[in-house]
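Trainee: work04.txt is the file, holding compact mmCIF, C-alpha atoms and all ligand atoms:
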# COMPACT_ATOMS: atom_id res chain seq x y z
CA MET A 1 98.40 120.67 103.92
CA VAL A 2 96.57 117.39 104.24
CA ASP A 3 94.41 116.86 107.31
CA ILE A 4 93.71 113.14 107.76
CA HIS A 5 91.44 113.33 110.81
CA SER A 6 88.34 115.48 111.29
CA HIS A 7 84.68 115.29 112.24
CA PHE A 8 83.14 117.84 109.91
CA LEU A 9 80.29 115.80 108.49
CA PRO A 10 77.02 116.90 110.07
CA GLY A 11 74.79 115.02 112.46
CA ILE A 12 76.55 111.65 112.62
CA ASP A 13 78.78 111.98 115.69
CA ASP A 14 79.94 114.62 118.18
CA GLY A 15 81.44 116.78 115.41
CA ALA A 16 79.50 119.23 113.24
CA GLN A 17 75.84 119.35 114.17
CA SER A 18 74.40 121.07 111.10
CA ALA A 19 75.14 121.39 107.39
CA GLU A 20 75.94 125.07 107.94
CA GLN A 21 78.47 124.33 110.68
CA SER A 22 79.92 121.54 108.56
CA MET A 23 80.49 123.81 105.56
CA SER A 24 81.93 126.54 107.80
CA MET A 25 84.49 124.00 109.03
CA VAL A 26 85.40 123.03 105.45
CA GLN A 27 85.77 126.69 104.51
CA MET A 28 87.89 127.39 107.59
CA ALA A 29 90.21 124.50 106.73
CA TRP A 30 90.47 125.66 103.12
CA ARG A 31 91.13 129.31 104.06
CA HIS A 32 93.98 128.19 106.29
CA GLY A 33 95.76 126.07 103.72
CA THR A 34 94.23 122.59 103.90
CA LYS A 35 93.95 121.11 100.40
CA ILE A 36 92.70 117.66 101.40
CA LEU A 37 90.39 117.16 104.37
CA VAL A 38 89.58 113.65 105.54
CA ALA A 39 86.19 113.04 107.13
CA SER A 40 86.75 110.51 109.90
CA PRO A 41 83.52 110.10 111.86
CA HIS A 42 83.63 107.92 114.93
CA ALA A 43 83.13 104.18 114.54
CA ASP A 44 82.53 103.09 118.12
CA VAL A 45 79.83 101.92 120.52
CA GLN A 46 78.27 105.34 120.84
CA PHE A 47 78.34 106.32 117.16
CA ARG A 48 77.55 103.70 114.55
CA TYR A 49 79.59 104.10 111.38
CA ASP A 50 77.67 103.76 108.12
CA PRO A 51 80.02 104.22 105.12
CA ASP A 52 77.13 104.56 102.65
CA ASN A 53 75.62 107.39 104.67
CA VAL A 54 79.07 108.99 105.00
CA ASP A 55 79.49 108.82 101.20
CA ARG A 56 76.10 110.48 100.73
CA LEU A 57 77.00 113.29 103.16
CA LEU A 58 80.40 113.67 101.50
CA ASP A 59 78.80 114.09 98.08
CA GLU A 60 76.59 116.85 99.50
CA ALA A 61 79.60 118.53 101.11
CA ARG A 62 81.64 118.30 97.89
CA ALA A 63 78.84 120.04 95.98
CA ALA A 64 78.97 123.00 98.38
CA ALA A 65 82.71 123.09 99.16
CA PRO A 66 85.27 125.49 97.64
CA ALA A 67 86.78 124.13 94.44
CA GLY A 68 90.28 124.02 95.93
CA ILE A 69 89.65 121.44 98.64
CA ARG A 70 89.29 117.68 98.25
CA LEU A 71 87.10 115.81 100.73
CA VAL A 72 87.92 112.18 101.47
CA ARG A 73 86.31 109.39 103.51
CA ALA A 74 87.77 107.48 106.43
CA CYS A 75 86.65 106.73 109.98
CA ASP A 76 87.88 107.05 113.55
CA PHE A 77 88.11 103.30 114.12
CA HIS A 78 87.71 102.24 117.73
CA LEU A 79 89.46 98.96 118.54
CA MET A 80 86.58 96.59 119.32
CA ALA A 81 85.49 93.17 118.14
CA ASP A 82 82.62 94.21 115.85
CA ASN A 83 84.77 96.77 114.07
CA ILE A 84 87.64 94.33 113.58
CA GLU A 85 85.44 91.68 111.99
CA ALA A 86 83.77 94.23 109.73
CA ALA A 87 87.08 95.75 108.63
CA LEU A 88 88.55 92.32 107.90
CA HIS A 89 85.64 91.66 105.55
CA HIS A 90 85.57 95.11 103.93
CA PRO A 91 88.82 97.00 104.58
CA ALA A 92 88.11 99.74 102.04
CA ARG A 93 84.97 100.79 103.92
CA TYR A 94 87.11 101.80 106.89
CA THR A 95 90.48 102.95 105.54
CA ILE A 96 91.45 106.42 104.37
CA ASP A 97 90.03 106.87 100.85
CA GLY A 98 89.58 103.12 100.62
CA LYS A 99 93.35 102.57 100.43
CA CYS A 100 95.38 100.93 103.19
CA TYR A 101 95.73 103.29 106.16
CA LEU A 102 93.37 102.88 109.12
CA LEU A 103 92.94 105.55 111.80
CA MET A 104 92.98 103.58 115.04
CA GLU A 105 91.65 104.83 118.38
CA LEU A 106 92.28 103.02 121.66
CA SER A 107 90.23 103.19 124.84
CA ASP A 108 91.35 105.64 127.52
CA LEU A 109 90.42 103.07 130.16
CA THR A 110 92.33 99.96 129.16
CA ILE A 111 94.97 98.75 126.71
CA PHE A 112 94.24 95.19 125.65
CA ALA A 113 97.21 92.89 126.16
CA ASN A 114 96.56 91.50 122.66
CA THR A 115 96.37 94.92 120.95
CA SER A 116 99.38 94.18 118.76
CA ASP A 117 97.95 90.79 117.75
CA LEU A 118 94.63 92.38 116.78
CA TRP A 119 96.47 94.94 114.69
CA SER A 120 98.47 92.16 113.04
CA ARG A 121 95.21 90.57 111.86
CA LEU A 122 94.23 93.86 110.26
CA GLU A 123 97.71 94.26 108.75
CA ASP A 124 97.56 90.74 107.34
CA ALA A 125 94.44 91.90 105.50
CA GLY A 126 96.43 94.76 103.96
CA MET A 127 95.78 97.59 106.41
CA ARG A 128 98.37 99.89 108.00
CA ILE A 129 97.76 101.25 111.50
CA ILE A 130 97.85 104.95 112.36
CA LEU A 131 97.25 105.30 116.10
CA THR A 132 95.35 108.52 116.77
CA HIS A 133 96.28 110.95 119.55
CA PRO A 134 98.42 108.75 121.83
CA GLU A 135 99.39 111.96 123.65
CA ARG A 136 95.82 112.34 124.95
CA ASN A 137 95.61 108.81 126.33
CA PRO A 138 96.62 108.79 130.04
CA LEU A 139 97.53 105.09 129.93
CA LEU A 140 99.79 105.47 126.90
CA ARG A 141 101.48 108.50 128.46
CA GLN A 142 102.80 106.04 131.08
CA ARG A 143 103.86 103.49 128.45
CA ILE A 144 106.20 105.14 125.98
CA GLU A 145 108.09 101.86 125.65
CA LEU A 146 104.91 100.36 124.22
CA ILE A 147 104.73 103.13 121.62
CA GLU A 148 108.41 102.58 120.78
CA GLN A 149 107.69 98.90 120.29
CA TRP A 150 104.67 99.56 118.09
CA VAL A 151 106.58 102.04 115.94
CA SER A 152 109.43 99.54 115.55
CA GLN A 153 106.78 97.10 114.29
CA GLY A 154 105.69 99.55 111.58
CA ARG A 155 102.77 101.28 113.27
CA TYR A 156 102.41 105.06 112.97
CA MET A 157 101.48 107.74 115.49
CA GLN A 158 99.25 110.77 114.86
CA LEU A 159 99.36 113.78 117.18
CA THR A 160 96.53 116.28 117.54
CA ALA A 161 97.26 119.79 116.29
CA SER A 162 95.68 121.36 119.40
CA SER A 163 97.88 119.26 121.68
CA LEU A 164 100.94 121.06 120.32
CA LEU A 165 99.31 124.37 121.17
CA GLY A 166 98.69 123.26 124.76
CA LEU A 167 94.92 123.10 124.38
CA PHE A 168 94.72 119.55 125.75
CA GLY A 169 96.78 120.50 128.79
CA PRO A 170 100.43 120.35 129.83
CA LYS A 171 100.64 116.54 129.97
CA ALA A 172 99.45 116.11 126.37
CA LEU A 173 101.86 118.83 125.25
CA ALA A 174 104.81 117.36 127.15
CA PHE A 175 104.14 113.86 125.80
CA SER A 176 103.75 115.22 122.27
CA ARG A 177 107.17 116.81 122.58
CA LEU A 178 108.64 113.58 123.90
CA LEU A 179 107.29 111.65 120.91
CA LEU A 180 108.54 114.33 118.51
CA ASP A 181 111.97 114.38 120.16
CA ARG A 182 112.28 110.61 119.74
CA GLY A 183 110.99 110.51 116.18
CA LEU A 184 107.86 108.64 117.26
CA ALA A 185 105.29 111.02 115.73
CA HIS A 186 104.54 110.59 112.02
CA PHE A 187 101.39 112.68 111.49
CA VAL A 188 99.68 115.73 112.88
CA ALA A 189 95.97 116.17 112.22
CA SER A 190 93.32 118.54 113.55
CA ASP A 191 90.75 116.00 114.82
CA ALA A 192 88.45 119.00 114.34
CA HIS A 193 85.01 118.80 115.92
CA ASP A 194 83.76 122.40 115.58
CA LEU A 195 84.80 125.94 114.73
CA ARG A 196 85.93 127.15 118.13
CA SER A 197 87.17 124.68 120.71
CA ARG A 198 88.51 122.09 118.21
CA PRO A 199 88.80 123.86 114.85
CA PRO A 200 90.26 122.53 111.57
CA ARG A 201 93.44 124.63 111.94
CA LEU A 202 96.34 122.44 110.89
CA ASP A 203 98.24 125.61 109.92
CA LEU A 204 98.73 126.51 113.58
CA ALA A 205 100.43 123.17 114.23
CA TYR A 206 102.54 123.64 111.10
CA GLN A 207 103.74 127.00 112.42
CA TRP A 208 104.39 125.54 115.87
CA LEU A 209 106.45 122.68 114.44
CA SER A 210 108.40 125.06 112.23
CA SER A 211 109.31 127.33 115.12
CA HIS A 212 109.96 124.61 117.75
CA TYR A 213 111.57 121.98 115.48
CA SER A 214 112.01 122.64 111.77
CA GLU A 215 110.03 123.51 108.68
CA GLU A 216 111.14 120.17 107.26
CA LEU A 217 109.50 118.26 110.09
CA ALA A 218 106.37 120.41 109.80
CA ARG A 219 106.15 119.55 106.13
CA LEU A 220 106.63 115.84 106.71
CA LEU A 221 103.99 115.64 109.44
CA CYS A 222 101.39 117.98 107.92
CA VAL A 223 101.90 117.46 104.18
CA ASP A 224 104.10 114.61 102.93
CA HIS A 225 103.13 111.79 105.28
CA PRO A 226 99.40 112.63 105.26
CA LEU A 227 99.44 112.82 101.46
CA ALA A 228 101.06 109.39 101.29
CA ALA A 229 98.34 108.08 103.62
CA VAL A 230 95.58 109.47 101.38
CA ASP A 231 97.32 107.97 98.33
CA GLY A 232 97.86 104.63 100.07
CA ALA A 233 101.60 104.96 99.48
CA PRO A 234 104.39 103.91 101.86
CA LEU A 235 105.94 106.60 104.06
CA ASP A 236 109.55 107.36 103.24
CA LEU A 237 111.17 107.08 106.67
CA SER A 238 114.70 106.48 105.36
CA SER A 239 115.92 109.70 106.97
CA PHE A 240 113.23 110.25 109.57
CA PRO A 241 113.19 112.20 111.79
CA PRO A 242 115.08 114.86 109.85
CA SER A 243 118.15 116.24 111.55
CA PRO A 244 118.38 118.05 113.77
CA ALA A 245 115.94 115.74 115.55
CA SER A 246 116.20 117.74 118.75
CA PRO A 247 113.91 120.71 119.36
CA LYS A 248 115.14 124.22 118.85
CA PRO A 249 116.39 125.77 122.11
CA SER A 250 114.03 128.16 123.78
CA PHE A 251 114.66 131.89 123.68
CA LEU A 252 115.80 131.78 127.34
CA ARG A 253 118.25 128.96 126.65
CA ARG A 254 119.61 130.78 123.60
CA LEU A 255 120.04 133.91 125.72
CA LEU A 256 121.79 132.06 128.54
CA GLY A 257 123.96 130.25 126.02
CA ARG A 258 125.09 133.52 124.51
CA ARG A 259 125.95 134.90 127.96
CA SER A 260 128.00 131.86 128.87
CA ASP A 261 129.80 132.11 125.52
CA SER A 262 130.82 135.70 126.11
FE FE B 1 88.67 111.86 116.16
Take the structure I supplied and represent it as structure tokens, if you would.
Ligand SMILES: [Fe+2]
Mentor:
Amino acid sequence: MVDIHSHFLPGIDDGAQSAEQSMSMVQMAWRHGTKILVASPHADVQFRYDPDNVDRLLDEARAAAPAGIRLVRACDFHLMADNIEAALHHPARYTIDGKCYLLMELSDLTIFANTSDLWSRLEDAGMRIILTHPERNPLLRQRIELIEQWVSQGRYMQLTASSLLGLFGPKALAFSRLLLDRGLAHFVASDAHDLRSRPPRLDLAYQWLSSHYSEELARLLCVDHPLAAVDGAPLDLSSFPPSPASPKPSFLRRLLGRRSDS
């Protein structure tokens, strides 16, 4: 699997707080099937993003990491004026592995009326927008039509693995399912911050998607699409979402269905 969103680098944001914790997160991801792990430290008002420092920390992590995992740079790009200007001047310092995909985080408190226009400026400079965890944003949960519009304009949505497991509450889970049902979710990533409450366990989301939807969808969201993002390649959405798009019926519904058949 390819995990495009995590905070495992130590001491630069609210993710890993020590080199030991950082390496334990990398090892946990690797043990559970992650082959590429993207470091995406916050780039916002609270946490200043310094790509040179991130590269230095990544080199240290690579030297200590298991041979079977590749560590890649990106950032958790908060939509704000300073970030936009900086990214327009140096896109590769902000995008995933210096290619074209940009992990985009919106405020929980307001959605700028000109959000789409701001994204268009970034897209005109060659970047592609992946909106992170819309299911955890209370404003966006009330505005699915906005997400539909953005997706129709070529923007992508990334769900959080833990949201699918219910760890961000019933509203985040329900909205995740709504986006999945409508083919509006293109990526799942761990957004890991530590080993316990927000661990780098993309495998659990893969299993959840396989059992609630299909293995094909799990593979697209946890492997194929994220790999394309790391490579800077276009997503193949010609037959997305795969059929059946609808979720598998629950055990109770299957049971009731059998009874009504007989
Ligand atoms: Fe994040």
Trainee: Which residues, written as a list in words, have at least one atom at most 10 Å from Pro234 in chain A, with all atoms listed in the file counted and residues fewer than 3 positions away on the same chain left out?
Mentor: Cys100, Tyr101, Arg128, His225, Ala228, Ala229, Asp231 and Leu237 of chain A
Trainee: Which residues are close to Asp76 in chain A, i.e. within 6 Å by only C-alpha atoms, leaving aside same-chain residues fewer than 5 positions away? Reply as a PyMOL selection string.
Mentor: chain A and resi 40-43+103
Trainee: Since we have the selection now, will you write its residues out, keeping C-alpha atoms, as an mmCIF file, in the frame of the given file?
Mentor:
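Listing of part_34.cif after writing:
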data_model
loop_
_atom_site.group_PDB
_atom_site.id
_atom_site.type_symbol
_atom_site.label_atom_id
_atom_site.label_comp_id
_atom_site.auth_asym_id
_atom_site.auth_seq_id
_atom_site.Cartn_x
_atom_site.Cartn_y
_atom_site.Cartn_z
ATOM 1 C CA SER A 40 86.750 110.510 109.900
ATOM 2 C CA PRO A 41 83.520 110.100 111.860
ATOM 3 C CA HIS A 42 83.630 107.920 114.930
ATOM 4 C CA ALA A 43 83.130 104.180 114.540
ATOM 5 C CA LEU A 103 92.940 105.550 111.800
#
Trainee: Please indicate the distance in Å from CA of Lys35 in chain A to CA of Arg155 in chain A, rounded to one decimal place.
Mentor: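 Taking CA of Lys35 in chain A and CA of Arg155 in chain A, their separation equals 25.2 Å.
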Trainee: Could you list the protein, DNA and RNA residues that have any atom within 9 Å of ligand FE 1 (chain B), counting all atoms listed in the file, and write them as a ChimeraX atom specification?
Mentor: /A:5-7,15,40-42,75-77,103,105,132-133,190-193
Trainee: List the neighbours of Trp30 in chain A out to 10 Å using all atoms listed in the file; skip same-chain residues closer than 5 positions along the sequence, and give me the result as a PDB file with C-alpha atoms, keeping the file's coordinate frame.
Mentor:
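Saved the output as out-v8.pdb:
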ATOM      1  CA  MET A   1      98.400 120.670 103.920  1.00  0.00           C
ATOM      2  CA  SER A  24      81.930 126.540 107.800  1.00  0.00           C
ATOM      3  CA  MET A  25      84.490 124.000 109.030  1.00  0.00           C
ATOM      4  CA  LYS A  35      93.950 121.110 100.400  1.00  0.00           C
ATOM      5  CA  ILE A  36      92.700 117.660 101.400  1.00  0.00           C
ATOM      6  CA  LEU A  37      90.390 117.160 104.370  1.00  0.00           C
ATOM      7  CA  ALA A  65      82.710 123.090  99.160  1.00  0.00           C
ATOM      8  CA  PRO A  66      85.270 125.490  97.640  1.00  0.00           C
ATOM      9  CA  ALA A  67      86.780 124.130  94.440  1.00  0.00           C
ATOM     10  CA  GLY A  68      90.280 124.020  95.930  1.00  0.00           C
ATOM     11  CA  ILE A  69      89.650 121.440  98.640  1.00  0.00           C
ATOM     12  CA  ARG A  70      89.290 117.680  98.250  1.00  0.00           C
ATOM     13  CA  PRO A 200      90.260 122.530 111.570  1.00  0.00           C
ATOM     14  CA  ARG A 201      93.440 124.630 111.940  1.00  0.00           C
TER      15      ARG A 201
END
Trainee: Work out how far apart CA of His89 in chain A and CA of Arg62 in chain A are and give it in Å to one decimal.
Mentor: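 Answer for the CA of His89 in chain A to CA of Arg62 in chain A separation: 28.0 Å.
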Trainee: State, in Å with one decimal place, the distance from CA of Pro170 in chain A to CA of Met28 in chain A.
Mentor: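 So the two atoms, CA of Pro170 in chain A and CA of Met28 in chain A, lie 26.5 Å apart.
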Trainee: Do you know which residues are at most 8 Å from Ser163 in chain A counting only C-alpha atoms, after dropping those on the same chain fewer than 2 positions away, and could you put them as a PyMOL selection string?
Mentor: chain A and resi 135-136+159-161+165-169+172-173+176
Trainee: Have a look at A:Ile130, A:Leu139, A:Val45, A:Leu217 and name the one nearest to Asp82 in chain A; count all atoms listed in the file.
Mentor: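 Selected residue with least distance to Asp82 in chain A: A:Val45.
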Trainee: Kindly extract all protein, DNA and RNA residues lying within 7 Å of the coordinates (94.8, 122.9, 109.7) given in the file, considering all atoms listed in the file, and supply them as a count of residues only.
Mentor: 11
Trainee: Pick the closest to Glu20 in chain A from A:Leu195, A:Asp236, A:Gly126, A:Glu145: which is it, counting all atoms listed in the file?
Mentor: A:Leu195
Trainee: Determine the nearest neighbour of Glu85 in chain A from the options A:Phe47, A:Leu118, A:Arg196, A:Phe8, counting only C-alpha atoms.
Mentor: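 Among A:Phe47, A:Leu118, A:Arg196, A:Phe8, it is A:Leu118 that comes nearest to Glu85 in chain A.
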Trainee: Quick one: everything within 10 Å of range 107-115 of chain A, counting all atoms listed in the file, minus sequence neighbours fewer than 2 positions away in the same chain. Send it as a count of residues only.
Mentor: 15
Trainee: Find the axis-aligned box for range 13-28 of chain A, covering all its listed atoms and adding 3 Å on each side, and write its centre and edge lengths in Å to one decimal as AutoDock Vina command-line options.
Mentor:
--center_x 81.1 --center_y 119.7 --center_z 111.3 --size_x 19.5 --size_y 21.4 --size_z 19.7
